[in-house]
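Student: Contents of query_24.csv (CSV, C-alpha atoms):
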```csv
chain,number,residue,atom,x,y,z
L,1208,MET,CA,87.7,89.0,72.4
L,1209,VAL,CA,90.6,88.4,74.7
L,1210,SER,CA,91.9,91.3,76.7
L,1211,ALA,CA,95.6,90.4,76.8
L,1212,GLN,CA,97.7,89.4,73.8
L,1213,LEU,CA,100.2,86.6,74.2
L,1214,HIS,CA,103.9,86.5,73.7
L,1215,LEU,CA,104.9,83.4,71.8
L,1216,GLY,CA,108.3,81.8,71.2
L,1217,VAL,CA,109.0,78.5,69.5
L,1218,ALA,CA,111.8,76.0,69.9
L,1219,ILE,CA,113.4,74.9,66.6
L,1220,ASP,CA,115.7,72.1,68.0
L,1221,GLY,CA,116.8,69.3,65.8
L,1222,ALA,CA,114.0,67.3,64.3
L,1223,GLY,CA,111.6,68.4,67.1
L,1224,TYR,CA,111.4,68.0,70.9
L,1225,HIS,CA,110.5,64.3,70.9
L,1226,PRO,CA,113.6,62.1,70.7
L,1227,ALA,CA,111.9,59.8,68.1
L,1228,ALA,CA,111.0,62.8,65.9
L,1229,TRP,CA,113.9,62.1,63.5
L,1230,ARG,CA,112.5,58.7,62.6
L,1231,ILE,CA,109.2,60.1,61.3
L,1232,SER,CA,110.1,63.5,60.1
L,1233,ALA,CA,110.5,64.2,56.4
L,1234,VAL,CA,113.8,66.0,57.1
L,1235,GLU,CA,117.0,64.1,56.2
L,1236,PRO,CA,118.9,63.6,59.5
L,1237,ALA,CA,122.1,65.0,57.9
L,1238,ALA,CA,120.2,68.4,57.6
L,1239,LEU,CA,120.2,68.7,61.4
L,1240,PHE,CA,123.9,69.8,61.1
L,1241,THR,CA,123.3,72.6,58.6
L,1242,ALA,CA,122.4,76.2,59.2
L,1243,GLY,CA,119.8,76.1,56.4
L,1244,HIS,CA,117.8,73.6,58.5
L,1245,TYR,CA,117.3,76.2,61.3
L,1246,LEU,CA,116.9,79.1,58.8
L,1247,LYS,CA,113.9,77.3,57.3
L,1248,TYR,CA,112.1,77.2,60.7
L,1249,ALA,CA,113.1,80.7,61.7
L,1250,LYS,CA,111.6,82.0,58.5
L,1251,LEU,CA,108.4,80.0,59.1
L,1252,ALA,CA,108.2,81.5,62.7
L,1253,GLU,CA,108.9,84.9,61.3
L,1254,ALA,CA,106.1,84.6,58.7
L,1255,ALA,CA,103.7,83.9,61.6
L,1256,SER,CA,105.1,87.0,63.5
L,1257,LEU,CA,106.2,84.9,66.5
L,1258,ASP,CA,108.3,86.8,69.0
L,1259,PHE,CA,111.3,84.6,68.9
L,1260,VAL,CA,112.9,81.2,68.2
L,1261,THR,CA,115.1,79.3,70.6
L,1262,LEU,CA,117.9,76.9,69.9
L,1263,ASP,CA,119.0,74.6,72.7
L,1264,ASP,CA,122.6,73.9,73.5
L,1265,SER,CA,124.7,72.1,76.2
L,1266,LEU,CA,128.3,71.2,77.0
L,1267,ALA,CA,127.2,67.6,77.0
L,1268,LEU,CA,125.8,65.2,74.4
L,1269,GLN,CA,122.1,64.6,74.5
L,1270,PRO,CA,121.2,61.7,76.8
L,1271,GLY,CA,120.2,58.4,75.3
L,1272,GLY,CA,121.6,55.6,73.3
L,1273,GLU,CA,122.1,55.0,69.6
L,1274,GLY,CA,118.3,55.5,68.9
L,1275,VAL,CA,118.3,59.2,69.5
L,1276,VAL,CA,119.9,62.2,67.8
L,1277,ARG,CA,123.2,63.0,69.5
L,1278,GLY,CA,125.4,65.9,68.6
L,1279,ARG,CA,124.4,69.5,67.8
L,1280,LEU,CA,125.7,72.7,66.3
L,1281,ASP,CA,126.7,75.6,68.5
L,1282,ALA,CA,123.4,77.4,69.1
L,1283,LEU,CA,124.8,81.0,69.3
L,1284,LEU,CA,127.0,80.5,66.2
L,1285,THR,CA,124.1,78.9,64.2
L,1286,LEU,CA,121.7,81.8,65.0
L,1287,SER,CA,124.5,84.3,64.2
L,1288,ALA,CA,124.7,82.6,60.8
L,1289,ILE,CA,121.0,83.0,60.0
L,1290,ALA,CA,120.7,86.4,61.6
L,1291,PRO,CA,121.5,88.4,58.4
L,1292,VAL,CA,118.9,86.5,56.3
L,1293,THR,CA,116.0,87.0,58.7
L,1294,SER,CA,114.5,90.4,59.4
L,1295,ARG,CA,112.1,90.4,62.4
L,1296,ILE,CA,112.1,87.2,64.4
L,1297,GLY,CA,114.0,87.3,67.7
L,1298,LEU,CA,116.9,84.9,68.0
L,1299,VAL,CA,117.5,83.3,71.5
L,1300,PRO,CA,120.3,80.7,71.8
L,1301,THR,CA,121.0,78.7,74.9
L,1302,VAL,CA,124.4,79.8,76.3
L,1303,THR,CA,125.9,77.8,79.1
L,1304,THR,CA,127.4,79.9,81.8
L,1305,THR,CA,129.4,77.7,84.2
L,1306,HIS,CA,132.5,77.2,82.1
L,1307,THR,CA,132.2,80.4,80.1
L,1308,GLU,CA,133.6,83.7,81.2
L,1309,PRO,CA,131.1,86.6,81.3
L,1310,PHE,CA,133.3,88.6,79.0
L,1311,HIS,CA,132.8,85.9,76.3
L,1312,VAL,CA,129.1,85.7,76.9
L,1313,SER,CA,128.7,89.4,76.7
L,1314,THR,CA,130.7,89.9,73.5
L,1315,SER,CA,129.2,86.9,71.7
L,1316,VAL,CA,125.6,87.9,72.5
L,1317,ALA,CA,126.4,91.5,71.6
L,1318,THR,CA,127.8,90.3,68.3
L,1319,LEU,CA,124.5,88.4,67.6
L,1320,ASP,CA,122.6,91.6,68.4
L,1321,TYR,CA,124.7,93.4,65.8
L,1322,ALA,CA,124.3,90.6,63.2
L,1323,SER,CA,120.5,90.6,63.7
L,1324,ARG,CA,120.1,94.3,64.0
L,1325,GLY,CA,118.7,94.2,67.5
L,1326,ARG,CA,116.9,90.9,67.7
L,1327,ALA,CA,119.2,88.9,70.1
L,1328,GLY,CA,118.4,87.3,73.3
L,1329,VAL,CA,120.2,84.7,75.5
L,1330,LEU,CA,118.8,81.8,77.5
L,1331,ALA,CA,121.4,81.4,80.2
L,1332,VAL,CA,121.8,78.0,81.8
L,1333,PRO,CA,124.3,76.4,84.2
L,1334,SER,CA,126.3,73.3,83.5
L,1335,LEU,CA,125.9,70.9,86.4
L,1336,THR,CA,127.4,67.5,85.5
L,1337,ALA,CA,130.8,66.1,86.1
L,1338,ALA,CA,131.0,65.1,82.4
L,1339,GLU,CA,130.7,68.8,81.3
L,1340,ALA,CA,133.2,69.9,83.9
L,1341,ALA,CA,135.7,67.2,82.6
L,1342,HIS,CA,135.6,68.8,79.2
L,1343,PHE,CA,137.5,71.7,80.7
L,1344,GLY,CA,139.4,70.2,83.6
L,1345,ARG,CA,139.6,73.5,85.5
L,1346,ARG,CA,137.0,73.0,88.3
L,1347,PRO,CA,134.4,70.5,89.6
L,1348,ALA,CA,130.8,70.8,88.7
L,1349,PRO,CA,128.9,73.2,90.9
L,1350,SER,CA,125.8,72.4,93.0
L,1351,PRO,CA,122.5,73.4,91.5
L,1352,ALA,CA,122.3,76.4,93.9
L,1353,ASP,CA,125.8,77.6,93.0
L,1354,GLY,CA,125.2,77.1,89.3
L,1355,ASP,CA,122.1,79.3,89.4
L,1356,ALA,CA,123.8,81.9,91.5
L,1357,GLU,CA,126.7,81.9,89.1
L,1358,THR,CA,124.4,82.3,86.1
L,1359,ALA,CA,122.8,85.4,87.8
L,1360,GLU,CA,126.3,86.8,88.3
L,1361,VAL,CA,127.2,86.2,84.6
L,1362,LEU,CA,124.1,88.2,83.5
L,1363,ASP,CA,125.0,91.0,85.9
L,1364,VAL,CA,128.6,91.2,84.6
L,1365,SER,CA,127.4,90.9,81.0
L,1366,THR,CA,125.0,93.8,81.5
L,1367,ARG,CA,127.7,96.0,83.0
L,1368,LEU,CA,129.9,95.2,80.0
L,1369,TRP,CA,127.2,96.0,77.5
L,1370,ASP,CA,126.8,99.4,79.3
L,1371,SER,CA,130.5,100.1,79.3
L,1372,TRP,CA,130.1,101.9,76.0
L,1373,GLU,CA,127.6,104.7,75.7
L,1374,ASP,CA,125.5,104.6,72.6
L,1375,ASP,CA,127.3,107.6,71.0
L,1376,ALA,CA,130.8,106.6,72.1
L,1377,ILE,CA,131.9,106.1,68.5
L,1378,VAL,CA,132.6,109.4,66.9
L,1379,ARG,CA,134.2,108.5,63.5
L,1380,ASP,CA,135.5,112.0,63.0
L,1381,ALA,CA,138.1,111.7,60.2
L,1382,ALA,CA,138.9,115.5,60.3
L,1383,THR,CA,140.1,115.3,63.9
L,1384,GLY,CA,141.3,111.7,63.8
L,1385,ARG,CA,139.0,110.7,66.7
L,1386,PHE,CA,137.2,107.4,66.2
L,1387,ILE,CA,135.8,107.1,69.8
L,1388,ASP,CA,135.1,109.5,72.6
L,1389,ARG,CA,137.1,108.1,75.4
L,1390,ASP,CA,135.0,109.8,78.0
L,1391,LYS,CA,132.1,107.7,76.9
L,1392,LEU,CA,133.8,104.4,77.6
L,1393,HIS,CA,133.4,103.3,81.2
L,1394,TYR,CA,135.6,101.3,83.5
L,1395,VAL,CA,133.9,98.2,84.8
L,1396,ASP,CA,135.4,97.1,88.2
L,1397,PHE,CA,133.4,94.1,89.4
L,1398,GLU,CA,134.3,91.7,92.2
L,1399,GLY,CA,131.7,89.0,92.9
L,1400,ARG,CA,131.5,85.6,94.4
L,1401,PHE,CA,132.4,83.8,91.1
L,1402,PHE,CA,134.0,86.4,88.9
L,1403,SER,CA,136.0,89.6,88.7
L,1404,ALA,CA,135.9,91.8,85.6
L,1405,LYS,CA,137.7,95.0,84.8
L,1406,GLY,CA,137.7,97.5,81.9
L,1407,PRO,CA,135.3,98.3,79.2
L,1408,SER,CA,134.1,95.6,76.7
L,1409,ILE,CA,135.8,95.3,73.3
L,1410,THR,CA,132.4,95.3,71.6
L,1411,PRO,CA,130.4,98.6,71.5
L,1412,ARG,CA,127.0,98.7,73.3
L,1413,PRO,CA,124.6,96.4,71.4
L,1414,PRO,CA,121.8,97.9,69.3
L,1415,GLN,CA,119.2,97.0,72.0
L,1416,GLY,CA,121.4,98.2,74.7
L,1417,HIS,CA,120.7,95.1,76.6
L,1418,PRO,CA,119.9,92.0,74.6
L,1419,VAL,CA,117.0,90.1,76.2
L,1420,THR,CA,118.1,87.8,79.0
L,1421,ALA,CA,116.1,84.7,79.8
L,1422,VAL,CA,116.5,81.9,82.4
L,1423,TYR,CA,114.5,78.9,83.5
L,1424,GLY,CA,112.2,79.6,86.4
L,1425,ASP,CA,113.2,77.0,88.9
L,1426,SER,CA,115.9,79.2,90.3
L,1427,PRO,CA,115.5,81.8,93.1
L,1428,HIS,CA,117.9,84.0,91.1
L,1429,ALA,CA,115.5,84.1,88.0
L,1430,SER,CA,114.4,87.6,88.8
L,1431,ALA,CA,117.8,88.8,87.4
L,1432,ALA,CA,116.5,88.1,83.9
L,1433,ASP,CA,114.0,89.8,81.6
L,1434,VAL,CA,112.2,86.6,80.7
L,1435,VAL,CA,111.6,83.6,83.0
L,1436,VAL,CA,110.7,80.3,81.3
L,1437,THR,CA,108.9,77.9,83.6
L,1438,ARG,CA,108.9,74.2,82.9
L,1439,ALA,CA,106.3,73.4,85.5
L,1440,ASP,CA,104.0,70.6,84.3
L,1441,HIS,CA,100.7,71.7,85.8
L,1442,LEU,CA,98.8,74.9,86.0
L,1443,ASP,CA,99.0,75.5,89.7
L,1444,ALA,CA,102.8,75.3,89.6
L,1445,VAL,CA,102.9,77.6,86.5
L,1446,ARG,CA,100.7,80.1,88.5
L,1447,ALA,CA,103.1,79.9,91.4
L,1448,THR,CA,106.1,80.8,89.2
L,1449,ALA,CA,104.3,83.7,87.6
L,1450,ALA,CA,103.4,85.1,91.1
L,1451,ARG,CA,107.0,84.6,92.3
L,1452,PHE,CA,108.5,86.8,89.5
L,1453,PRO,CA,106.1,89.7,89.0
L,1454,GLY,CA,108.8,91.9,87.5
L,1455,ALA,CA,109.7,89.5,84.7
L,1456,LYS,CA,107.9,88.2,81.6
L,1457,VAL,CA,107.0,84.7,82.6
L,1458,LEU,CA,106.5,82.2,79.8
L,1459,ALA,CA,105.2,78.6,80.3
L,1460,THR,CA,106.8,75.8,78.3
L,1461,VAL,CA,104.2,73.8,76.3
L,1462,SER,CA,105.2,70.7,74.2
L,1463,ILE,CA,102.8,70.3,71.3
L,1464,VAL,CA,101.5,67.5,69.1
L,1465,LEU,CA,99.1,68.7,66.5
L,1466,ALA,CA,96.8,67.2,63.8
L,1467,GLU,CA,93.7,68.1,61.9
L,1468,THR,CA,91.7,66.0,64.3
L,1469,GLU,CA,92.1,65.3,68.0
L,1470,GLN,CA,92.2,61.6,67.4
L,1471,GLY,CA,94.9,62.2,64.8
L,1472,ALA,CA,97.0,64.1,67.3
L,1473,ARG,CA,96.7,61.3,69.9
L,1474,ASP,CA,97.6,58.7,67.3
L,1475,ARG,CA,100.7,60.8,66.4
L,1476,GLN,CA,101.6,61.0,70.1
L,1477,ARG,CA,101.2,57.2,70.6
L,1478,GLU,CA,103.4,56.6,67.5
L,1479,LEU,CA,106.2,58.7,68.9
L,1480,ASP,CA,106.0,57.2,72.4
L,1481,ALA,CA,105.9,53.7,71.0
L,1482,LEU,CA,109.3,54.3,69.3
L,1483,ILE,CA,110.8,56.0,72.4
L,1484,PRO,CA,108.8,56.5,75.6
L,1485,PHE,CA,109.3,60.2,76.7
L,1486,GLU,CA,107.9,62.6,79.2
L,1487,PRO,CA,108.6,66.2,78.1
L,1488,ALA,CA,109.3,69.0,80.5
L,1489,GLY,CA,106.5,71.5,81.1
L,1490,LEU,CA,102.9,71.4,80.0
L,1491,SER,CA,101.8,69.1,77.2
L,1492,PHE,CA,99.2,69.5,74.5
L,1493,ALA,CA,97.9,67.0,71.9
L,1494,GLY,CA,95.0,68.1,69.7
L,1495,THR,CA,94.0,70.3,66.8
L,1496,PRO,CA,95.4,73.8,66.1
L,1497,ALA,CA,92.0,75.3,66.9
L,1498,GLN,CA,91.9,73.6,70.3
L,1499,LEU,CA,95.4,74.9,71.0
L,1500,ALA,CA,94.3,78.4,70.1
L,1501,THR,CA,91.5,78.0,72.6
L,1502,GLU,CA,93.6,76.5,75.4
L,1503,LEU,CA,96.6,78.9,75.4
L,1504,PRO,CA,94.6,82.1,76.3
L,1505,ARG,CA,92.7,80.2,78.9
L,1506,TRP,CA,95.9,78.9,80.5
L,1507,ALA,CA,97.4,82.4,80.4
L,1508,ALA,CA,94.3,83.8,82.1
L,1509,GLU,CA,94.3,81.1,84.8
L,1510,THR,CA,98.0,81.4,85.6
L,1511,GLY,CA,99.0,85.0,84.9
L,1512,VAL,CA,101.8,84.1,82.5
L,1513,ALA,CA,102.6,86.6,79.7
L,1514,GLY,CA,102.8,83.8,77.1
L,1515,PHE,CA,104.3,80.5,76.1
L,1516,HIS,CA,107.5,78.8,74.8
L,1517,LEU,CA,106.1,76.2,72.4
L,1518,ARG,CA,108.0,73.1,71.6
L,1519,PRO,CA,106.8,71.2,68.4
L,1520,ALA,CA,107.1,67.5,68.7
L,1521,VAL,CA,108.2,67.0,65.1
L,1522,LEU,CA,109.6,69.5,62.6
L,1523,PRO,CA,108.3,70.7,60.3
L,1524,ASP,CA,104.9,69.0,60.9
L,1525,ASP,CA,103.9,70.6,64.2
L,1526,LEU,CA,105.4,74.0,63.4
L,1527,ASP,CA,103.6,74.1,60.1
L,1528,LEU,CA,100.2,73.6,61.8
L,1529,LEU,CA,101.2,76.0,64.6
L,1530,ALA,CA,102.1,78.8,62.2
L,1531,GLY,CA,99.6,78.1,59.5
L,1532,GLU,CA,96.5,77.4,61.7
L,1533,ALA,CA,96.9,77.9,65.4
L,1534,VAL,CA,98.4,81.4,65.2
L,1535,PRO,CA,95.8,82.8,62.8
L,1536,ALA,CA,93.1,81.4,65.1
L,1537,LEU,CA,94.7,83.2,68.1
L,1538,ARG,CA,94.9,86.4,66.0
L,1539,ALA,CA,91.3,86.1,65.1
L,1540,ALA,CA,90.4,85.8,68.7
L,1541,GLY,CA,92.4,88.9,69.6
L,1542,ALA,CA,94.9,86.8,71.6
L,1543,PHE,CA,97.9,87.5,69.4
L,1544,ARG,CA,99.0,90.6,67.5
L,1545,SER,CA,98.8,91.1,63.8
L,1546,GLY,CA,102.4,91.5,62.5
L,1547,TYR,CA,105.3,93.0,64.3
L,1548,ALA,CA,104.9,96.4,66.0
L,1549,GLY,CA,108.6,97.0,66.3
L,1550,THR,CA,112.0,95.8,65.0
L,1551,THR,CA,113.8,94.6,68.1
L,1552,LEU,CA,113.3,91.6,70.4
L,1553,ARG,CA,112.9,93.9,73.4
L,1554,GLU,CA,109.9,95.5,71.6
L,1555,HIS,CA,108.5,92.1,70.6
L,1556,VAL,CA,108.3,91.0,74.2
L,1557,GLY,CA,107.2,94.3,75.6
L,1558,LEU,CA,110.4,95.5,77.4
L,1559,GLY,CA,111.2,99.2,77.7
L,1560,VAL,CA,114.4,100.9,76.5
L,1561,ALA,CA,117.5,99.6,78.3
L,1562,VAL,CA,118.9,102.3,80.5
L,1563,ASN,CA,122.7,102.6,80.6
L,1564,GLN,CA,123.8,102.4,84.2
L,1565,TYR,CA,127.0,104.4,83.4
L,1566,GLN,CA,125.5,107.1,81.2
L,1567,GLY,CA,126.7,110.5,82.4
L,1568,ALA,CA,129.0,109.0,85.0
```
For the file at hand, write its structure as structure tokens.
Tutor:
Amino acid sequence: MVSAQLHLGVAIDGAGYHPAAWRISAVEPAALFTAGHYLKYAKLAEAASLDFVTLDDSLALQPGGEGVVRGRLDALLTLSAIAPVTSRIGLVPTVTTTHTEPFHVSTSVATLDYASRGRAGVLAVPSLTAAEAAHFGRRPAPSPADGDAETAEVLDVSTRLWDSWEDDAIVRDAATGRFIDRDKLHYVDFEGRFFSAKGPSITPRPPQGHPVTAVYGDSPHASAADVVVTRADHLDAVRATAARFPGAKVLATVSIVLAETEQGARDRQRELDALIPFEPAGLSFAGTPAQLATELPRWAAETGVAGFHLRPAVLPDDLDLLAGEAVPALRAAGAFRSGYAGTTLREHVGLGVAVNQYQGA
């Protein structure tokens, strides 16, 4: 039996992580621009009791020519649409921070937390290209260092705004005519390098207090987040990231190609790469679901990560095998929990109750 149980999230982007996925997937390409497409995969992940799903986003089109999928739905709005018709799975959209005010990030993610009844997270990323900056015309693209520092500041301000309402600030006392207790709304007065923010949020404190915050782990500011996702492509680098952020839940990215035989998985990988050569970020795995269920606990033990962010090459094929065969094998080995122990994403990933920094102030 394995001593530690893994945290597992899965990407449900487009037709799969591989840019050639849409050419061999059974999914009609038009479905990629419907909320129902992502609901199907969120429900599949939920049936397997995975911790969360992610949906990627950017302020730029996906790179590549006419042979790859280009265009996407807004990740946060899409997950907000499917939130009421899922019940346990965590919902973590990518939200870009460079051209988005912290006020908008905080209220939008808080709204997702309300829509999902406490299952929201946010994967915060900077926008670093001139093309993205040109969409707005207000400022040049930041350097990578400044983009990461600004993202950390956005998360700081967002947390302050989430805390600006105490949990019991809403009174709803019709007899006295008091809807809120004004003493339990707190004045945020923040002056930072990139932003200033004043006043309480317009959205009451989210059900989780603080929705789960995540960033990619190639930033020195990653310790500001609850979850750090490393895209390191070998185990030594994954281990170094886990050691660098001991206070966070560190997850390693693994791109997966699965089949019932190891040769079948390698054949699928070759078929995809023959259509469009591609090197995914992070660790890569091609093999059977049983082999994946053996490798993940071993990698976690060797590197010290809390779990993995899994990226299926083709949807629904690789997610079907992950949920239907790999996860049960992990569960049988004691490496993954049986069912959900709680109802919120913070509970799924093992985070404590979020303390309100203004409570009692």
Student: Counting all atoms listed in the file, give me one row per residue of segment 1447-1499 of chain L with an atom at most 12 Å from an atom of segment 1223-1239 of chain L, showing the shortest contact pair and its distance in Å to one decimal, sorted by chain then residue number, as CSV.
Tutor:
```
residue,atom,partner,partner_atom,distance
L:Thr1460,CA,L:Tyr1224,CA,11.7
L:Val1461,CA,L:Tyr1224,CA,10.7
L:Ser1462,CA,L:Tyr1224,CA,7.5
L:Ile1463,CA,L:Tyr1224,CA,8.9
L:Val1464,CA,L:His1225,CA,9.7
L:Arg1475,CA,L:Ile1231,CA,9.9
L:Gln1476,CA,L:His1225,CA,9.5
L:Arg1477,CA,L:Ala1227,CA,11.3
L:Glu1478,CA,L:Ala1227,CA,9.1
L:Leu1479,CA,L:Ala1227,CA,5.9
L:Asp1480,CA,L:Ala1227,CA,7.7
L:Ala1481,CA,L:Ala1227,CA,9.0
L:Leu1482,CA,L:Ala1227,CA,6.2
L:Ile1483,CA,L:Ala1227,CA,5.8
L:Pro1484,CA,L:Ala1227,CA,8.8
L:Phe1485,CA,L:His1225,CA,7.2
L:Glu1486,CA,L:His1225,CA,8.9
L:Pro1487,CA,L:His1225,CA,7.7
L:Ala1488,CA,L:Tyr1224,CA,9.9
L:Gly1489,CA,L:Tyr1224,CA,11.8
L:Ser1491,CA,L:Tyr1224,CA,11.5
```
Student: Using all atoms listed in the file, find all polymer residues with an atom at most 10 Å away from the point (113.6, 71.9, 89.1); report them as a PyMOL selection string.
Tutor: chain L and resi 1351+1423-1426+1437-1439
Student: Mind giving me the straight-line distance from atom CA of Glu1339 of chain L to atom CA of Val1302 of chain L in Å, one decimal?
Tutor: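 Here the two named atoms are 13.6 Å from each other.
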Student: Would you mind listing what lies within 10 Å of Pro1453 of chain L as a PyMOL selection string, with only C-alpha atoms counted and same-chain residues fewer than 3 positions away left out?
Tutor: chain L and resi 1430+1448-1450+1456-1457+1511-1512
Student: Could you give me, as a ChimeraX atom specification, the residues within 9 Å of Pro1347 of chain L, counting all atoms listed in the file and dropping anything in the same chain fewer than 6 positions from it?
Tutor: /L:1336-1337,1340-1341
Student: Within 8 Å of (123.5, 85.3, 65.2) (file coordinates; all atoms listed in the file), which protein or nucleic acid residues are there? I'd like them as an MDAnalysis selection string.
Tutor: chainID L and resid 1283:1291 1298 1318:1320 1322:1323 1327
Student: Identify which of the residues L:Asp1281, L:Asp1374, L:Asp1433, L:Glu1398 lies closest to Val1556 of chain L, counting all atoms listed in the file when measuring atom-to-atom distances.
Tutor: L:Asp1433
Student: What gap, in Å, lies between atom CA of Thr1301 of chain L and atom CA of Ser1334 of chain L?
Tutor: 11.5 Å
Student: Looking at L:Thr1383, L:Thr1366, L:Thr1303, L:Thr1495, which one is nearest to Leu1330 of chain L, with distances taken over all atoms listed in the file?
Tutor: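 Of all the options, L:Thr1303 lies closest to Leu1330 of chain L.
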Student: Determine, counting all atoms listed in the file, which protein, DNA and RNA residues have an atom within 8 Å of an atom of segment 1256-1264 of chain L; residues of the same chain fewer than 5 positions away are not included. Present the result as a PyMOL selection string.
Tutor: chain L and resi 1214-1220+1249+1279-1282+1286+1295-1303+1545-1547+1552+1555-1556
Student: Report the distance between atom CA of Ala1376 of chain L and atom CA of Ser1315 of chain L in Å, rounded to one decimal place.
Tutor: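 Going from atom CA of Ala1376 of chain L over to atom CA of Ser1315 of chain L, I get 19.8 Å.
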Student: My list of candidates is L:Ala1536, L:Ala1530, L:Pro1418, L:Gly1406. Which is closest to Ala1254 of chain L when distances are computed with only C-alpha atoms?
Tutor: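 Residue with the minimum atom-to-atom distance to Ala1254 of chain L: L:Ala1530.
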Student: Kindly indicate which residue among L:Gln1566, L:Trp1372, L:Leu1266, L:Ser1313 lies nearest to Pro1333 of chain L, using all atoms listed in the file for the distances.
Tutor: L:Leu1266
Student: Just the residues within 10 Å of Arg1277 of chain L, please, counting only C-alpha atoms, with nothing from its chain fewer than 6 positions along; format it as an MDAnalysis selection string.
Tutor: chainID L and resid 1221 1226 1267:1271
Student: Counting all atoms listed in the file, figure out which residue out of L:His1244, L:Arg1412, L:Arg1451, L:Arg1345 gets nearest to Asp1375 of chain L.
Tutor: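 Between L:His1244, L:Arg1412, L:Arg1451, L:Arg1345, the residue approaching Asp1375 of chain L most closely is L:Arg1412.
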Student: Smallest atom-to-atom distance to Gly1328 of chain L: which of L:Ala1455, L:Ala1432, L:Ala1466, L:Ala1540, using only C-alpha atoms?
Tutor: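 Result for the nearest residue to Gly1328 of chain L: L:Ala1432.
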Student: Find the residues around His1311 of chain L up to 12 Å (all atoms listed in the file counted), leave out those fewer than 4 positions away in its own chain, and share them as a list in words.
Tutor: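 Using all atoms listed in the file, the neighbours found are Leu1283, Val1302, Thr1303, Thr1304, Thr1305, His1306, Thr1307, Ser1315, Val1316, Ala1317, Thr1318, Val1361, Leu1362, Val1364, Ser1365, Leu1368, Trp1369, Ala1404, Ser1408, Ile1409 and Thr1410 of chain L.
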